[in-house]
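K.L.:
This is the structure I want to talk about, given as structure tokens.
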Amino acid sequence: MMKKILAFILSMTLLATGLTACAAENNTSGDISVFLQIGNPNMTVNGTEKLIDENGTSPVIVNDRTLLPIRAVIEEMGGAVEWDGETQTVLLAYGGDIITLAIDNSVAFLNDTAQTLDTAPTIINDRTMLPIRFIAENFHFNVDWLQDEQKVIITNMP
């Protein structure tokens with residue numbers, strides 16, 4: 001119950017600071033494509049290869065689920081990320097929607113509605129790693145998995 005209250009307070013703080021408005025302004029009407037590969041510290045965004053982060057973080061597979069370093073991905077998609085280290089909670093904002101997740105908790109909130117994840121967010125090498133499909137699809141992006149290449153492709157929905 002306490003985590004839900006904290007998540008609500010953080011959500012309201014996020015709205016009050018205008019982070020969602022900032023995310024909506026950053027959202028381009030153009031196509032977005034993000035390619036990431038398991039074990040590769042680089043990602044390709046709209047054809048340009050770049051380092052995911054300065055720590056060399058790369059996507060991983062945990063319990064047959066792909067976990068991505070979420071800050072880099074969400075910001076490339078045009079969204080915003082807010083991390084609360086005290087509550088181990090991350091708020092993701094994109095296009096007026098807010099997703100709230102807590103580390104090691106399989107319950108996420110999409111616009112304050114509880115959803116159950118099949119894999120809980122975790123921290124690996126000091127980075128928040130989240131299951132991308134739930135997030136991307138709720139932010140209206142497609143997620144494709146290329147098994148042979150172990151590659152994730154995130155693109156705008158038509």
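Quick note on naming: the chains in the structure tokens go A, B, ... in the order shown, residues restart at 1 in each chain, and ligands are numbered from 1 in order of appearance.
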Tell me, as a PDB file with N, CA and C atoms, in the first residue's frame, which residues lie within 12 Å of Asp104 of chain A, counting only C-alpha atoms; anything in the same chain fewer than 3 positions away does not count.
P.N.:
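Printed below is part39.pdb as written:
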```
ATOM      1  N   THR A  87      12.881   5.205  -3.189  1.00  0.00           N
ATOM      2  CA  THR A  87      11.795   4.225  -3.284  1.00  0.00           C
ATOM      3  C   THR A  87      12.051   3.161  -4.351  1.00  0.00           C
ATOM      4  N   GLN A  88      13.189   3.314  -5.089  1.00  0.00           N
ATOM      5  CA  GLN A  88      13.534   2.382  -6.169  1.00  0.00           C
ATOM      6  C   GLN A  88      12.406   2.325  -7.206  1.00  0.00           C
ATOM      7  N   THR A  89      11.868   3.507  -7.530  1.00  0.00           N
ATOM      8  CA  THR A  89      10.749   3.626  -8.455  1.00  0.00           C
ATOM      9  C   THR A  89      11.164   4.449  -9.661  1.00  0.00           C
ATOM     10  N   VAL A  90      10.702   4.038 -10.827  1.00  0.00           N
ATOM     11  CA  VAL A  90      10.968   4.788 -12.045  1.00  0.00           C
ATOM     12  C   VAL A  90       9.636   5.202 -12.665  1.00  0.00           C
ATOM     13  N   LEU A 101       6.968   2.034 -12.331  1.00  0.00           N
ATOM     14  CA  LEU A 101       7.457   0.695 -12.012  1.00  0.00           C
ATOM     15  C   LEU A 101       8.375   0.768 -10.803  1.00  0.00           C
ATOM     16  N   VAL A 107       4.291  -5.610 -10.354  1.00  0.00           N
ATOM     17  CA  VAL A 107       3.103  -4.790 -10.582  1.00  0.00           C
ATOM     18  C   VAL A 107       3.566  -3.410 -11.060  1.00  0.00           C
ATOM     19  N   ALA A 108       3.059  -3.010 -12.217  1.00  0.00           N
ATOM     20  CA  ALA A 108       3.349  -1.695 -12.778  1.00  0.00           C
ATOM     21  C   ALA A 108       2.045  -0.925 -12.856  1.00  0.00           C
ATOM     22  N   LEU A 117       3.296  -7.524 -14.658  1.00  0.00           N
ATOM     23  CA  LEU A 117       4.369  -7.818 -15.598  1.00  0.00           C
ATOM     24  C   LEU A 117       4.793  -9.270 -15.457  1.00  0.00           C
ATOM     25  N   ASP A 118       5.270  -9.868 -16.536  1.00  0.00           N
ATOM     26  CA  ASP A 118       5.768 -11.241 -16.421  1.00  0.00           C
ATOM     27  C   ASP A 118       7.211 -11.270 -15.920  1.00  0.00           C
ATOM     28  N   THR A 119       7.884 -10.125 -15.955  1.00  0.00           N
ATOM     29  CA  THR A 119       9.239 -10.006 -15.419  1.00  0.00           C
ATOM     30  C   THR A 119       9.360  -8.663 -14.709  1.00  0.00           C
ATOM     31  N   ALA A 120       9.815  -8.688 -13.483  1.00  0.00           N
ATOM     32  CA  ALA A 120       9.951  -7.450 -12.709  1.00  0.00           C
ATOM     33  C   ALA A 120      11.190  -6.669 -13.152  1.00  0.00           C
ATOM     34  N   PRO A 121      11.138  -5.353 -13.087  1.00  0.00           N
ATOM     35  CA  PRO A 121      12.326  -4.537 -13.353  1.00  0.00           C
ATOM     36  C   PRO A 121      13.424  -4.885 -12.353  1.00  0.00           C
ATOM     37  N   THR A 122      14.657  -4.703 -12.775  1.00  0.00           N
ATOM     38  CA  THR A 122      15.786  -5.019 -11.909  1.00  0.00           C
ATOM     39  C   THR A 122      16.905  -4.019 -12.147  1.00  0.00           C
ATOM     40  N   ILE A 123      17.903  -4.036 -11.286  1.00  0.00           N
ATOM     41  CA  ILE A 123      19.083  -3.195 -11.480  1.00  0.00           C
ATOM     42  C   ILE A 123      20.257  -4.117 -11.782  1.00  0.00           C
ATOM     43  N   ILE A 124      20.925  -3.844 -12.896  1.00  0.00           N
ATOM     44  CA  ILE A 124      22.104  -4.595 -13.298  1.00  0.00           C
ATOM     45  C   ILE A 124      23.201  -3.580 -13.592  1.00  0.00           C
ATOM     46  N   THR A 128      18.929   0.694 -14.384  1.00  0.00           N
ATOM     47  CA  THR A 128      17.578   0.158 -14.306  1.00  0.00           C
ATOM     48  C   THR A 128      17.269  -0.570 -15.602  1.00  0.00           C
ATOM     49  N   MET A 129      16.976  -1.849 -15.497  1.00  0.00           N
ATOM     50  CA  MET A 129      16.690  -2.690 -16.654  1.00  0.00           C
ATOM     51  C   MET A 129      15.232  -3.121 -16.581  1.00  0.00           C
ATOM     52  N   LEU A 130      14.493  -2.823 -17.652  1.00  0.00           N
ATOM     53  CA  LEU A 130      13.059  -3.061 -17.657  1.00  0.00           C
ATOM     54  C   LEU A 130      12.632  -3.890 -18.859  1.00  0.00           C
ATOM     55  N   PRO A 131      11.527  -4.614 -18.701  1.00  0.00           N
ATOM     56  CA  PRO A 131      10.977  -5.367 -19.831  1.00  0.00           C
ATOM     57  C   PRO A 131      10.382  -4.390 -20.844  1.00  0.00           C
TER      58      PRO A 131
END
```
K.L.:
Nearest to Thr155 of chain A: which of A:Leu36, A:Ile52, A:Ile70, A:Ile103 is it, counting only C-alpha atoms?
P.N.:
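Looking at the shortest contact to Thr155 of chain A, the residue is A:Leu36.
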K.L.:
Excluding Gly47 of chain A and any residue of its chain fewer than 4 positions from it, enumerate the residues within 10 Å of it, using only C-alpha atoms, and give them as an MDAnalysis selection string.
P.N.:
chainID A and resid 32:35 43
K.L.:
Can you tell me how far atom CA of Ala72 of chain A sits from atom CA of Ile153 of chain A, in Å to one decimal?
P.N.:
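Straight-line distance from atom CA of Ala72 of chain A to atom CA of Ile153 of chain A works out to 14.1 Å.
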K.L.:
Between atom CA of Asp144 of chain A and atom CA of Leu91 of chain A, what is the distance, to one decimal in Å?
P.N.:
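So the two atoms, atom CA of Asp144 of chain A and atom CA of Leu91 of chain A, lie 23.6 Å apart.
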K.L.:
Taking only C-alpha atoms into account, name the residue in A:Met157, A:Met77, A:Leu68, A:Ile99 that is nearest to Asn46 of chain A.
P.N.:
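For Asn46 of chain A, the nearest of the candidates is A:Met77.
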K.L.:
Go through A:Asn55, A:Gln37, A:Asn42, A:Thr48 one by one, measure the shortest atom-to-atom distance of each to Asn125 of chain A using only C-alpha atoms, and give the residue with the smallest value.
P.N.:
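Once distances to Asn125 of chain A are computed over only C-alpha atoms, the minimum belongs to A:Asn55.
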K.L.:
Out of segment 25-94 of chain A, which residues get strand (DSSP E) from DSSP, as a PyMOL selection string?
P.N.:
chain A and resi 33-37+42-45+48-51+60-62+65-69+80-84+89-94
K.L.:
So the first atom is atom CA of Glu86 of chain A and the second is atom CA of His140 of chain A; what is the distance between them in Å, to one decimal place?
P.N.:
29.7 Å
K.L.:
I'd like the contact shell of Ser58 of chain A - 6 Å cut-off, only C-alpha atoms, skipping same-chain residues fewer than 2 positions apart - returned as an MDAnalysis selection string.
P.N.:
chainID A and resid 39:41
K.L.:
Give me, as a PyMOL selection string, the residues of segment 70-154 of chain A that a backbone DSSP run labels helix (DSSP H, G or I).
P.N.:
chain A and resi 70-77+132-138
